[in-house]
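Asker: Let me give you the structure first, and then I'll get to my questions.
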Amino acid sequence: MKKIYLVILGFCSIVLLRAIPHIANCVPIFALLAGLSVNYKLSKKTVTLLTLAAILTSDLLLSIIYGYPIMGNYSLFTYSGFALIIVLQQPHKLIINTIVTTTTYWLWTNLGVWLVAGMYNHNSEGLALCYTMALPFLRYSLLANIIGTIAFTTIYRLTTANGILNYLGRLNTRQRNRINNIFH
């Protein structure tokens with residue numbers, strides 16, 4: 001029963017993170033997905049379905065609120081990019097995983113922009129210009145996902161019974177006494 005709440009919370013979080021105003025691509029979606037699949041042990045199939053449903057729902061919401069198109073010729077790259085990063089996720093080394101998945105998604109989706117958006121010439125210079133113009137989006141996406149990974153992992157570790165006990169077990173007596181004094 002606990003996992004259904006995580007799926008609902010993950011779905012709502014993705015939709016809200018994309019719908020509220022933010023710096024372009026400065027949304028920790030990959031960090032949230034890694035947290036759900038790694039920390040809470042949701043299957044890749046569940047996380048993939050959750051992600052695609054939440055992205056579609058948020059695209060519909062963005063269309064209603066801001067008039068953005070729901071689908072475009074780039075959508076294949078966007079949706080398959082999310083599925084690709086879920087497949088690539090590894091359960092260990094979360095920060096490295098976050099950097100690899102964020103960068104892979106950026107490379108894949110910007111290849112799609114170059115191929116189908118009609119904004120760049122279809123030659124090596126056009127491809128280089130496409131990736132150069134997209135560098136600010138990569139920076140914000142990496143920043144959001146690295147901070148998000150650290151935050152979500154810390155929250156998970158501190159809010160699970162084993163997480164708190166393991167954390168407290170690593171403290172020396174003086175540190176434990178300080179924490180106890182805060183709460184008494």
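Scheme for the structure tokens: letters A, B, ... for chains in order shown; per-chain residue numbers from 1; ligand numbers from 1 in order shown.
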Out of chain A, which residues get helix (DSSP H, G or I) from DSSP, as a ChimeraX atom specification?

Answerer: /A:2-19,29-39,44-66,75-88,94-116,124-133,135-159,161-169,173-183

Asker: Save out the residues we just selected, C-alpha atoms, as a CSV table (one decimal), in the first residue's frame.

Answerer:
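What follows is the written file part_28.csv:
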chain,number,residue,atom,x,y,z
A,2,LYS,CA,2.9,2.3,0.7
A,3,LYS,CA,4.1,2.1,-2.9
A,4,ILE,CA,0.8,3.4,-4.3
A,5,TYR,CA,1.2,6.5,-2.2
A,6,LEU,CA,4.8,7.0,-3.6
A,7,VAL,CA,3.5,6.6,-7.1
A,8,ILE,CA,0.8,9.2,-6.5
A,9,LEU,CA,3.2,11.5,-4.8
A,10,GLY,CA,5.8,11.1,-7.6
A,11,PHE,CA,3.2,11.7,-10.2
A,12,CYS,CA,1.9,14.9,-8.5
A,13,SER,CA,5.4,16.1,-7.9
A,14,ILE,CA,6.5,15.8,-11.5
A,15,VAL,CA,3.3,17.5,-12.7
A,16,LEU,CA,3.7,20.4,-10.2
A,17,LEU,CA,7.4,20.8,-10.8
A,18,ARG,CA,6.8,21.2,-14.5
A,19,ALA,CA,3.8,23.4,-14.2
A,29,ILE,CA,12.7,15.3,-12.3
A,30,PHE,CA,15.6,12.9,-12.9
A,31,ALA,CA,16.5,13.2,-9.2
A,32,LEU,CA,13.0,12.4,-8.2
A,33,LEU,CA,12.9,9.4,-10.6
A,34,ALA,CA,16.2,8.1,-9.3
A,35,GLY,CA,14.9,8.5,-5.7
A,36,LEU,CA,11.8,6.5,-6.4
A,37,SER,CA,13.5,3.7,-8.3
A,38,VAL,CA,16.6,3.4,-6.1
A,39,ASN,CA,15.6,4.5,-2.6
A,44,LYS,CA,11.7,0.5,-13.8
A,45,LYS,CA,8.4,-0.4,-15.5
A,46,THR,CA,6.4,1.4,-12.7
A,47,VAL,CA,8.7,4.4,-12.9
A,48,THR,CA,8.6,4.5,-16.7
A,49,LEU,CA,4.8,4.5,-16.7
A,50,LEU,CA,4.6,7.0,-13.9
A,51,THR,CA,7.0,9.3,-15.7
A,52,LEU,CA,5.3,9.1,-19.1
A,53,ALA,CA,1.9,9.6,-17.6
A,54,ALA,CA,3.1,12.6,-15.5
A,55,ILE,CA,4.9,14.2,-18.4
A,56,LEU,CA,1.8,13.8,-20.7
A,57,THR,CA,-0.4,15.2,-17.9
A,58,SER,CA,1.9,18.2,-17.3
A,59,ASP,CA,2.1,18.8,-21.0
A,60,LEU,CA,-1.7,19.0,-21.1
A,61,LEU,CA,-1.7,21.3,-18.1
A,62,LEU,CA,1.0,23.5,-19.7
A,63,SER,CA,-1.1,23.7,-22.9
A,64,ILE,CA,-4.2,24.8,-20.9
A,65,ILE,CA,-2.4,27.3,-18.7
A,66,TYR,CA,0.2,28.8,-21.2
A,75,SER,CA,7.8,14.9,-28.7
A,76,LEU,CA,9.2,11.5,-29.8
A,77,PHE,CA,12.6,12.7,-28.5
A,78,THR,CA,11.2,14.1,-25.3
A,79,TYR,CA,9.2,11.0,-24.3
A,80,SER,CA,11.8,8.5,-25.5
A,81,GLY,CA,14.4,10.5,-23.7
A,82,PHE,CA,12.6,10.0,-20.3
A,83,ALA,CA,12.3,6.3,-21.0
A,84,LEU,CA,15.9,6.1,-21.9
A,85,ILE,CA,17.2,7.7,-18.7
A,86,ILE,CA,15.1,5.3,-16.6
A,87,VAL,CA,16.7,2.4,-18.4
A,88,LEU,CA,20.2,3.9,-17.9
A,94,LEU,CA,23.7,8.4,-7.5
A,95,ILE,CA,25.6,11.6,-8.3
A,96,ILE,CA,27.4,10.1,-11.2
A,97,ASN,CA,24.1,8.5,-12.3
A,98,THR,CA,22.5,11.9,-12.2
A,99,ILE,CA,25.2,13.5,-14.3
A,100,VAL,CA,25.1,10.7,-16.9
A,101,THR,CA,21.3,10.6,-17.2
A,102,THR,CA,20.9,14.3,-17.3
A,103,THR,CA,23.6,14.7,-20.0
A,104,THR,CA,22.2,11.8,-22.0
A,105,TYR,CA,18.7,13.3,-22.0
A,106,TRP,CA,20.2,16.6,-23.0
A,107,LEU,CA,22.2,15.1,-25.9
A,108,TRP,CA,19.2,13.0,-27.1
A,109,THR,CA,16.6,15.8,-26.9
A,110,ASN,CA,18.8,18.4,-28.5
A,111,LEU,CA,19.6,16.0,-31.3
A,112,GLY,CA,15.8,15.9,-31.8
A,113,VAL,CA,15.7,19.7,-31.9
A,114,TRP,CA,18.4,19.8,-34.5
A,115,LEU,CA,16.7,17.1,-36.6
A,116,VAL,CA,13.0,18.3,-36.5
A,124,SER,CA,28.0,19.7,-38.5
A,125,GLU,CA,28.0,23.5,-37.9
A,126,GLY,CA,24.2,23.4,-37.3
A,127,LEU,CA,24.5,20.5,-34.9
A,128,ALA,CA,27.4,22.3,-33.0
A,129,LEU,CA,25.3,25.5,-32.9
A,130,CYS,CA,22.3,23.6,-31.6
A,131,TYR,CA,24.3,22.0,-28.7
A,132,THR,CA,26.0,25.3,-28.0
A,133,MET,CA,22.7,27.2,-27.7
A,135,LEU,CA,24.3,24.6,-22.9
A,136,PRO,CA,22.4,26.9,-20.4
A,137,PHE,CA,19.6,24.3,-20.3
A,138,LEU,CA,22.1,21.6,-19.5
A,139,ARG,CA,23.7,23.7,-16.7
A,140,TYR,CA,20.3,24.3,-15.0
A,141,SER,CA,19.2,20.7,-15.4
A,142,LEU,CA,22.4,19.4,-13.9
A,143,LEU,CA,22.2,21.9,-11.1
A,144,ALA,CA,18.6,21.0,-10.3
A,145,ASN,CA,19.2,17.3,-10.5
A,146,ILE,CA,22.4,17.1,-8.5
A,147,ILE,CA,20.9,19.3,-5.7
A,148,GLY,CA,17.6,17.3,-6.0
A,149,THR,CA,19.5,13.9,-5.7
A,150,ILE,CA,21.3,15.1,-2.6
A,151,ALA,CA,18.1,16.4,-1.1
A,152,PHE,CA,15.9,13.4,-1.9
A,153,THR,CA,18.5,10.9,-0.8
A,154,THR,CA,19.1,12.8,2.5
A,155,ILE,CA,15.3,13.0,3.1
A,156,TYR,CA,14.9,9.3,2.4
A,157,ARG,CA,17.8,8.4,4.7
A,158,LEU,CA,16.7,10.6,7.5
A,159,THR,CA,13.0,9.7,7.4
A,161,ALA,CA,13.7,4.1,10.6
A,162,ASN,CA,16.9,2.4,9.4
A,163,GLY,CA,18.2,5.7,8.0
A,164,ILE,CA,17.8,7.6,11.3
A,165,LEU,CA,19.3,4.7,13.3
A,166,ASN,CA,22.2,4.3,11.0
A,167,TYR,CA,22.8,8.1,11.0
A,168,LEU,CA,22.7,8.2,14.8
A,169,GLY,CA,24.9,5.1,15.1
A,173,THR,CA,28.6,10.3,22.2
A,174,ARG,CA,29.1,14.0,22.3
A,175,GLN,CA,27.2,14.5,19.0
A,176,ARG,CA,24.3,12.3,20.2
A,177,ASN,CA,24.0,14.3,23.4
A,178,ARG,CA,23.8,17.5,21.4
A,179,ILE,CA,21.0,16.1,19.3
A,180,ASN,CA,19.2,14.8,22.4
A,181,ASN,CA,19.5,18.2,24.1
A,182,ILE,CA,17.8,19.8,21.1
A,183,PHE,CA,14.7,17.7,21.6

Asker: At what distance in Å, to one decimal, does atom CA of Pro69 of chain A lie from atom CA of Met119 of chain A?

Answerer: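 Atom CA of Pro69 of chain A lies 17.1 Å from atom CA of Met119 of chain A.
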